[in-house]
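Have a look at data_12.txt below; it lists compact mmCIF, C-alpha atoms and all ligand atoms.
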# COMPACT_ATOMS: atom_id res chain seq x y z
CA MET A 60 -15.42 4.73 -17.68
CA MET A 61 -13.21 5.75 -14.79
CA THR A 62 -11.94 3.44 -12.07
CA ALA A 63 -14.53 3.05 -9.29
CA MET A 64 -13.14 5.64 -6.91
CA PRO A 65 -11.54 8.77 -8.30
CA GLU A 66 -7.79 8.93 -7.68
CA LEU A 67 -5.08 11.23 -9.00
CA PRO A 68 -5.34 10.18 -12.69
CA ASP A 69 -9.14 10.47 -12.70
CA VAL A 70 -9.09 13.89 -11.04
CA GLU A 71 -6.38 15.04 -13.45
CA ILE A 72 -8.75 14.14 -16.30
CA PHE A 73 -11.53 16.17 -14.58
CA ARG A 74 -9.07 19.06 -14.27
CA ARG A 75 -8.21 18.95 -17.95
CA ARG A 76 -11.89 18.79 -18.82
CA PHE A 77 -12.56 21.82 -16.63
CA ALA A 78 -9.59 23.72 -18.05
CA ALA A 79 -10.72 23.03 -21.63
CA LYS A 80 -14.38 23.96 -21.28
CA GLY A 81 -15.07 25.54 -17.90
CA LEU A 82 -12.80 28.59 -17.73
CA ARG A 83 -13.39 32.22 -18.76
CA ARG A 84 -17.12 31.81 -19.36
CA LEU A 85 -19.73 33.72 -17.40
CA ILE A 86 -21.46 31.60 -14.75
CA ASP A 87 -25.16 31.97 -15.56
CA ALA A 88 -26.86 29.66 -13.10
CA VAL A 89 -26.08 27.30 -10.24
CA ASP A 90 -28.47 24.55 -9.21
CA VAL A 91 -27.66 22.84 -5.90
CA ARG A 92 -29.79 19.72 -6.09
CA THR A 93 -28.29 18.02 -3.04
CA PRO A 94 -27.47 20.66 -0.40
CA ARG A 95 -25.47 18.25 1.78
CA VAL A 96 -22.63 17.96 -0.75
CA VAL A 97 -21.92 21.65 -0.22
CA ALA A 98 -19.83 22.17 2.91
CA LYS A 99 -18.85 25.27 4.91
CA VAL A 100 -21.15 27.60 2.95
CA SER A 101 -24.90 27.42 2.43
CA PRO A 102 -26.17 26.53 -1.05
CA ASN A 103 -27.51 30.09 -1.38
CA GLU A 104 -24.16 31.55 -0.44
CA LEU A 105 -22.43 29.29 -3.00
CA LYS A 106 -24.83 30.53 -5.68
CA ARG A 107 -24.27 34.17 -4.70
CA ARG A 108 -20.52 33.80 -4.88
CA LEU A 109 -20.53 31.97 -8.25
CA ILE A 110 -23.30 33.51 -10.38
CA GLY A 111 -22.10 36.42 -12.50
CA GLY A 112 -18.45 35.47 -12.02
CA GLU A 113 -16.14 33.20 -13.94
CA PHE A 114 -13.58 30.49 -13.28
CA LYS A 115 -10.01 31.50 -14.07
CA GLU A 116 -7.86 28.50 -13.32
CA ALA A 117 -8.12 24.77 -12.56
CA ARG A 118 -5.54 23.07 -10.33
CA ARG A 119 -5.31 19.60 -8.91
CA TYR A 120 -3.74 18.49 -5.66
CA GLY A 121 -3.88 14.80 -4.83
CA LYS A 122 -7.49 13.76 -5.34
CA ARG A 123 -8.80 17.32 -5.10
CA LEU A 124 -9.70 19.79 -7.80
CA TYR A 125 -9.45 23.52 -7.07
CA VAL A 126 -11.02 26.00 -9.44
CA GLY A 127 -10.17 29.65 -8.95
CA LEU A 128 -12.76 32.40 -9.27
CA GLN A 129 -12.05 35.89 -10.59
CA ASP A 130 -12.27 37.39 -7.08
CA GLY A 131 -9.49 35.19 -5.69
CA GLU A 132 -11.70 32.58 -4.02
CA TRP A 133 -11.46 28.90 -4.94
CA MET A 134 -14.06 26.19 -5.22
CA SER A 135 -12.66 22.91 -3.96
CA LEU A 136 -14.15 19.67 -5.26
CA HIS A 137 -13.57 16.31 -3.64
CA PHE A 138 -15.04 13.31 -5.41
CA GLY A 139 -15.20 10.80 -2.58
CA LEU A 140 -16.05 7.27 -3.62
CA SER A 141 -18.07 7.84 -6.75
CA GLY A 142 -17.92 11.48 -7.79
CA GLU A 143 -17.27 12.79 -11.29
CA LEU A 144 -17.09 16.07 -13.09
CA LYS A 145 -19.08 15.98 -16.31
CA ILE A 146 -19.35 18.62 -19.00
CA ASN A 147 -22.28 18.63 -21.37
CA LYS A 148 -24.34 21.07 -23.37
CA ARG A 149 -27.22 22.71 -21.54
CA GLU A 150 -29.74 21.16 -23.91
CA ASP A 151 -28.41 17.63 -23.17
CA GLU A 152 -30.02 15.38 -20.61
CA VAL A 153 -28.83 16.09 -17.05
CA PRO A 154 -26.36 13.34 -16.00
CA GLY A 155 -27.54 10.85 -13.36
CA PHE A 156 -26.76 11.67 -9.72
CA ALA A 157 -26.02 15.33 -10.57
CA ARG A 158 -25.68 17.07 -7.19
CA VAL A 159 -24.57 20.52 -8.31
CA ILE A 160 -25.06 21.92 -11.81
CA ILE A 161 -23.33 25.04 -13.10
CA ASP A 162 -24.50 26.61 -16.36
CA LEU A 163 -22.04 28.68 -18.37
CA SER A 164 -22.86 31.46 -20.81
CA ASP A 165 -21.41 29.58 -23.81
CA GLY A 166 -24.00 26.82 -23.47
CA HIS A 167 -21.87 24.34 -21.53
CA ARG A 168 -23.01 22.75 -18.30
CA LEU A 169 -20.70 21.47 -15.55
CA SER A 170 -22.20 18.72 -13.42
CA TYR A 171 -20.74 17.43 -10.20
CA THR A 172 -22.21 13.94 -9.99
CA ASN A 173 -21.89 11.66 -7.02
CA ARG A 174 -23.87 8.49 -6.55
CA ARG A 175 -22.85 7.85 -2.95
CA MET A 176 -22.54 11.47 -1.83
CA ILE A 177 -19.26 11.00 -0.04
CA GLY A 178 -17.23 13.93 -1.32
CA ARG A 179 -17.81 17.65 -0.97
CA ILE A 180 -17.73 21.03 -2.63
CA GLU A 181 -16.30 23.84 -0.51
CA LEU A 182 -15.17 27.42 -0.99
CA VAL A 183 -11.64 28.17 0.21
CA ARG A 184 -9.44 31.29 0.25
CA ASP A 185 -6.22 29.58 -0.80
CA PRO A 186 -5.58 26.02 -2.05
CA ARG A 187 -2.16 25.90 -0.35
CA ASP A 188 -3.66 26.75 3.04
CA ASP A 189 -6.43 24.23 2.44
CA VAL A 190 -3.92 21.49 1.62
CA ARG A 191 -2.01 22.33 4.81
CA ALA A 192 -5.18 22.44 6.91
CA LYS A 193 -6.20 19.03 5.58
CA GLY A 194 -2.76 17.65 6.42
CA LEU A 195 -2.04 16.33 2.94
CA GLY A 196 1.42 15.08 2.02
CA PRO A 197 3.10 16.08 -1.26
CA ASP A 198 1.14 15.42 -4.43
CA ALA A 199 2.30 12.13 -5.97
CA LEU A 200 3.31 13.85 -9.23
CA ASP A 201 4.74 17.04 -7.73
CA SER A 202 8.21 17.88 -9.06
CA LYS A 203 9.30 18.45 -5.44
CA LEU A 204 8.60 14.80 -4.70
CA THR A 205 11.99 13.60 -5.97
CA ALA A 206 13.40 10.09 -5.50
CA SER A 207 15.31 11.24 -2.43
CA ALA A 208 12.28 13.04 -0.93
CA PHE A 209 10.31 9.83 -1.51
CA TYR A 210 13.01 7.80 0.23
CA GLN A 211 12.96 10.19 3.21
CA LEU A 212 9.17 9.91 3.45
CA LEU A 213 9.06 6.12 3.32
CA HIS A 214 12.22 4.44 4.52
CA ASN A 215 11.30 4.31 8.21
CA ARG A 216 7.63 3.40 7.80
CA LYS A 217 6.55 0.21 9.49
CA GLY A 218 3.05 -0.20 8.02
CA GLY A 219 2.32 -2.25 4.90
CA LEU A 220 3.17 -0.61 1.56
CA LYS A 221 -0.45 -0.66 0.46
CA ASN A 222 -1.57 1.37 3.48
CA VAL A 223 1.43 3.69 3.30
CA LEU A 224 0.76 4.51 -0.37
CA MET A 225 -2.93 5.16 0.32
CA ASP A 226 -2.21 7.41 3.32
CA GLN A 227 -2.95 10.93 2.03
CA SER A 228 -0.92 12.52 4.81
CA ILE A 229 2.23 10.80 3.46
CA ILE A 230 1.61 11.22 -0.29
CA ALA A 231 -1.58 12.67 -1.77
CA GLY A 232 -3.42 11.18 -4.75
CA ILE A 233 -3.16 7.39 -4.58
CA GLY A 234 -6.10 5.21 -3.54
CA ASN A 235 -7.10 1.57 -3.62
CA ALA A 236 -6.85 0.81 -7.35
CA TYR A 237 -3.62 2.65 -8.14
CA SER A 238 -1.81 1.43 -5.03
CA ASP A 239 -2.58 -2.11 -6.24
CA GLU A 240 -1.30 -1.19 -9.69
CA ILE A 241 1.92 0.42 -8.46
CA LEU A 242 2.75 -2.54 -6.18
CA PHE A 243 1.92 -5.01 -8.94
CA GLN A 244 4.22 -3.22 -11.40
CA ALA A 245 6.95 -2.96 -8.74
CA ARG A 246 6.48 -6.67 -7.84
CA LEU A 247 6.10 -5.80 -4.19
CA HIS A 248 3.86 -7.50 -1.66
CA PRO A 249 1.15 -5.14 -0.33
CA ALA A 250 1.88 -6.04 3.31
CA GLN A 251 5.65 -5.56 3.00
CA SER A 252 6.78 -2.57 5.02
CA PRO A 253 8.89 0.16 3.37
CA ALA A 254 11.36 -0.11 6.29
CA GLU A 255 12.21 -3.63 5.08
CA LEU A 256 13.19 -2.41 1.61
CA ASN A 257 16.64 -1.21 0.61
CA LYS A 258 17.34 2.08 -1.10
CA SER A 259 17.38 0.64 -4.57
CA ALA A 260 13.99 -1.09 -4.12
CA LEU A 261 12.51 2.20 -2.87
CA SER A 262 13.95 4.08 -5.79
CA THR A 263 12.44 1.54 -8.21
CA LEU A 264 9.10 1.90 -6.41
CA TYR A 265 9.32 5.68 -6.83
CA ARG A 266 10.06 5.42 -10.55
CA ILE A 267 7.21 2.97 -11.08
CA LEU A 268 4.76 5.04 -9.03
CA ARG A 269 5.35 8.10 -11.22
CA GLN A 270 5.27 6.02 -14.40
CA VAL A 271 2.00 4.25 -13.53
CA LEU A 272 0.25 7.54 -12.74
CA ARG A 273 1.53 9.20 -15.92
CA GLN A 274 0.55 6.23 -18.08
CA ALA A 275 -2.92 6.23 -16.49
CA ILE A 276 -3.36 9.92 -17.29
CA ALA A 277 -2.19 9.31 -20.86
CA ALA A 278 -4.89 6.60 -21.08
CA HIS A 279 -7.49 9.13 -19.81
CA ALA A 280 -7.78 7.06 -16.61
CA ASP A 281 -9.97 4.71 -18.61
CA PRO A 282 -9.40 1.05 -17.58
CA ALA A 283 -10.21 -0.03 -21.14
CA ARG A 284 -7.35 2.13 -22.48
CA LEU A 285 -4.71 1.29 -19.88
CA PRO A 286 -1.56 -0.55 -21.06
CA ARG A 287 -2.09 -4.29 -21.47
CA HIS A 288 0.30 -5.18 -18.67
CA PHE A 289 -1.76 -3.23 -16.10
CA LEU A 290 -3.50 -5.04 -13.25
CA ILE A 291 -6.49 -2.65 -12.94
CA PRO A 292 -8.62 -4.27 -15.68
CA HIS A 293 -8.01 -7.65 -13.95
CA ARG A 294 -8.89 -6.63 -10.39
CA ARG A 295 -11.14 -9.54 -9.48
CA SER A 296 -10.27 -12.70 -7.60
CA GLY A 297 -9.31 -15.63 -9.77
CA ALA A 298 -8.45 -13.42 -12.77
CA LYS A 299 -5.35 -14.45 -14.66
CA CYS A 300 -2.29 -12.40 -13.82
CA PRO A 301 -1.32 -10.28 -16.85
CA ARG A 302 2.35 -11.19 -16.21
CA CYS A 303 2.62 -14.81 -15.03
CA ASP A 304 0.51 -17.95 -14.91
CA GLY A 305 -0.68 -17.17 -11.39
CA SER A 306 -4.10 -15.92 -10.48
CA ILE A 307 -5.04 -12.66 -8.83
CA GLU A 308 -6.09 -12.83 -5.20
CA ARG A 309 -8.33 -10.54 -3.23
CA TYR A 310 -7.49 -9.48 0.32
CA ARG A 311 -9.03 -7.15 2.86
CA VAL A 312 -7.65 -3.68 3.55
CA GLY A 313 -9.82 -2.02 6.19
CA GLU A 314 -13.30 -1.84 4.70
CA ARG A 315 -12.20 -2.39 1.14
CA HIS A 316 -10.48 -5.04 -0.94
CA GLY A 317 -7.15 -4.96 -2.65
CA TYR A 318 -5.86 -7.32 -5.35
CA PHE A 319 -2.42 -8.77 -5.98
CA CYS A 320 -0.62 -11.68 -7.59
CA PRO A 321 0.92 -13.88 -4.87
CA SER A 322 3.32 -15.44 -7.41
CA CYS A 323 4.90 -12.25 -8.67
CA GLN A 324 4.53 -10.08 -5.55
CA ARG A 325 6.47 -11.89 -2.84
CA GLN A 326 7.74 -10.56 0.48
CA ARG A 327 11.41 -9.51 0.31
CA THR A 328 14.21 -9.21 2.78
CA LYS A 329 16.59 -6.25 2.81
ZN ZN B 401 1.73 -12.82 -11.50

Starting from the file, give its structure as structure tokens.
Ligand SMILES: [Zn+2]
Amino acid sequence: MMTAMPELPDVEIFRRRFAAKGLRRLIDAVDVRTPRVVAKVSPNELKRRLIGGEFKEARRYGKRLYVGLQDGEWMSLHFGLSGELKINKREDEVPGFARVIIDLSDGHRLSYTNRRMIGRIELVRDPRDDVRAKGLGPDALDSKLTASAFYQLLHNRKGGLKNVLMDQSIIAGIGNAYSDEILFQARLHPAQSPAELNKSALSTLYRILRQVLRQAIAAHADPARLPRHFLIPHRRSGAKCPRCDGSIERYRVGERHGYFCPSCQRQRTK
């Protein structure tokens, strides 16, 4: 089980899955069951470009997976609200909501599943250009995102921390569930603005952000395997806070809901 909407740790698990079983095998067949998930090329064109080739490399940037083909092109996968990358054997039952199915010569089958169909597969010439064109900020786990780069990115921001962390043009990879987790671990109120925090609070936030994402990857992004002190398995209103006696509250963020503990995540002054 992944968290509801794929974020950096989930997509990193998809990447590892792809790297372990999807590379350097001949692509035998491509079945586009839901043409609208394929963007910028027609389903037939996608098939033509993939069949007979092989994937050479799997990279992740933020919530995107890029898989490189032998001819230098890349397939970009975005998982939207409910997408997953599944790898089975060809003789296994096809996973539910499979939108695009790729059969490999060694008997494995890659399925891009997506219940709600928000999320796309595209072909791009270069992942770096694509990241630039999409206006994404640095990947949340990129080595170039140092504590001081993080401080520069955040210290003047007026919006609430929750929205700032989820803004892919500032930092790429964090969504609703992990922004809740990071703020819970950092004991910061979701509506607090980064501009109201001092340097040391921002540097703690940075350290916790990286740690939460790494721990989530180590737990295979599976809520059941996350550390016991994590909020994610308790994201429902009225749940007991895993740290204090308080109870978790739900609040609106745009069209979604976030969760926090009002007793341990209080507003701070600089
Ligand atoms: Zn609490």

Problem set entry | Shortest interatomic distance to ligand ZN 401 (chain B) - which of A:Ala260, A:Val312, A:Leu290, A:Met176, counting only C-alpha atoms and all ligand atoms |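 Looking only at the distances to ligand ZN 401 (chain B), the closest residue turns out to be A:Leu290.
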
Residues of chain A at most 12 Å from ligand ZN 401 (chain B): nearest atom pair and distance in Å, all atoms listed in the file, as a tab-separated table:
residue	atom	partner	partner_atom	distance
A:Leu242	CA	B:ZN401	ZN	11.6
A:Phe243	CA	B:ZN401	ZN	8.2
A:Gln244	CA	B:ZN401	ZN	9.9
A:Ala245	CA	B:ZN401	ZN	11.5
A:Arg246	CA	B:ZN401	ZN	8.6
A:Leu247	CA	B:ZN401	ZN	11.0
A:His248	CA	B:ZN401	ZN	11.4
A:His288	CA	B:ZN401	ZN	10.6
A:Phe289	CA	B:ZN401	ZN	11.2
A:Leu290	CA	B:ZN401	ZN	9.5
A:His293	CA	B:ZN401	ZN	11.3
A:Gly297	CA	B:ZN401	ZN	11.5
A:Ala298	CA	B:ZN401	ZN	10.3
A:Lys299	CA	B:ZN401	ZN	7.9
A:Cys300	CA	B:ZN401	ZN	4.7
A:Pro301	CA	B:ZN401	ZN	6.7
A:Arg302	CA	B:ZN401	ZN	5.0
A:Cys303	CA	B:ZN401	ZN	4.1
A:Asp304	CA	B:ZN401	ZN	6.3
A:Gly305	CA	B:ZN401	ZN	5.0
A:Ser306	CA	B:ZN401	ZN	6.7
A:Ile307	CA	B:ZN401	ZN	7.3
A:Glu308	CA	B:ZN401	ZN	10.0
A:Tyr318	CA	B:ZN401	ZN	11.2
A:Phe319	CA	B:ZN401	ZN	8.0
A:Cys320	CA	B:ZN401	ZN	4.7
A:Pro321	CA	B:ZN401	ZN	6.8
A:Ser322	CA	B:ZN401	ZN	5.1
A:Cys323	CA	B:ZN401	ZN	4.3
A:Gln324	CA	B:ZN401	ZN	7.1
A:Arg325	CA	B:ZN401	ZN	9.9

For this session: Point out the residue among A:Met225, A:Leu82, A:Val96, A:Ile233 with the least atom-to-atom distance to Ile146 (chain A), counting all atoms listed in the file.
Result: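 Closest residue, counting all atoms listed in the file: A:Leu82.
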
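Distance check against Pro253 (chain A) using only C-alpha atoms: of A:Phe209, A:Ile291, A:His279, A:Ile267, the minimum falls on A:Phe209.
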
Exercise. What lies within 8 Å of Tyr120 (chain A) using all atoms listed in the file, ignoring chain neighbours under 6 positions off, as a ChimeraX atom specification?
Worked result: /A:190,198,231-232

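Of the residues under consideration (A:Ala250, A:Leu224, A:Ala157, A:Leu213), A:Ala157 shows the shortest atom-to-atom contact distance to Arg174 (chain A) when counting all atoms listed in the file.
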
For this session: Give me the residues within 10 Å of Leu136 (chain A) as a list of chain:residue names, counting all atoms listed in the file and dropping any in the same chain fewer than 2 places off.
Result: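 After dropping sequence-adjacent residues, the list is A:Val70, A:Val96, A:Val97, A:Arg119, A:Lys122, A:Arg123, A:Leu124, A:Tyr125, A:Val126, A:Trp133, A:Met134, A:Phe138, A:Gly139, A:Gly142, A:Glu143, A:Leu144, A:Tyr171, A:Gly178, A:Arg179, A:Ile180, A:Glu181, A:Leu182.
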
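Distances from A:Ser207, A:Val159, A:Gly121, A:Lys80 to Asn147 (chain A) were compared using all atoms listed in the file, and the smallest one belongs to A:Lys80.
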
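Proximity of A:Leu256, A:Leu204, A:Arg294, A:Ser135 to Lys99 (chain A), computed with all atoms listed in the file, is greatest for A:Ser135.
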
For this session: Determine, counting only C-alpha atoms, which protein, DNA and RNA residues have an atom within 12 Å of an atom of Leu285 (chain A); residues of the same chain fewer than 4 positions away are not included. Present the result as a list of chain:residue names.
Result: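 Non-adjacent residues within range: A:Met60, A:Met61, A:Thr62, A:Pro68, A:Tyr237, A:Glu240, A:Val271, A:Leu272, A:Arg273, A:Gln274, A:Ala275, A:Ile276, A:Ala277, A:Ala278, A:His279, A:Ala280, A:Asp281, A:Phe289, A:Leu290, A:Ile291, A:Pro292, A:His293.
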
Problem set entry | Separation of CA of Leu261 (chain A) from CA of Glu66 (chain A), in Å and rounded to one decimal | 21.9 Å

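Counting only C-alpha atoms, Gly111 (chain A) has the following residues at most 12 Å away, ignoring those fewer than 4 positions along the same chain: Arg83, Arg84, Leu85, Ile86, Asp87, Ala88, Val89, Leu105, Lys106, Arg107, Leu128, Gln129, Asp130, Ile161, Asp162, Leu163 and Ser164 of chain A.
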
For this session: Record the distance separating CA of Leu195 (chain A) and CA of Ser228 (chain A), expressed in Å with one decimal.
Result: 4.4 Å

Problem set entry | Separation of CA of Gln227 (chain A) from CA of Leu140 (chain A), in Å and rounded to one decimal |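 Between CA of Gln227 (chain A) and CA of Leu140 (chain A) the gap is 14.7 Å.
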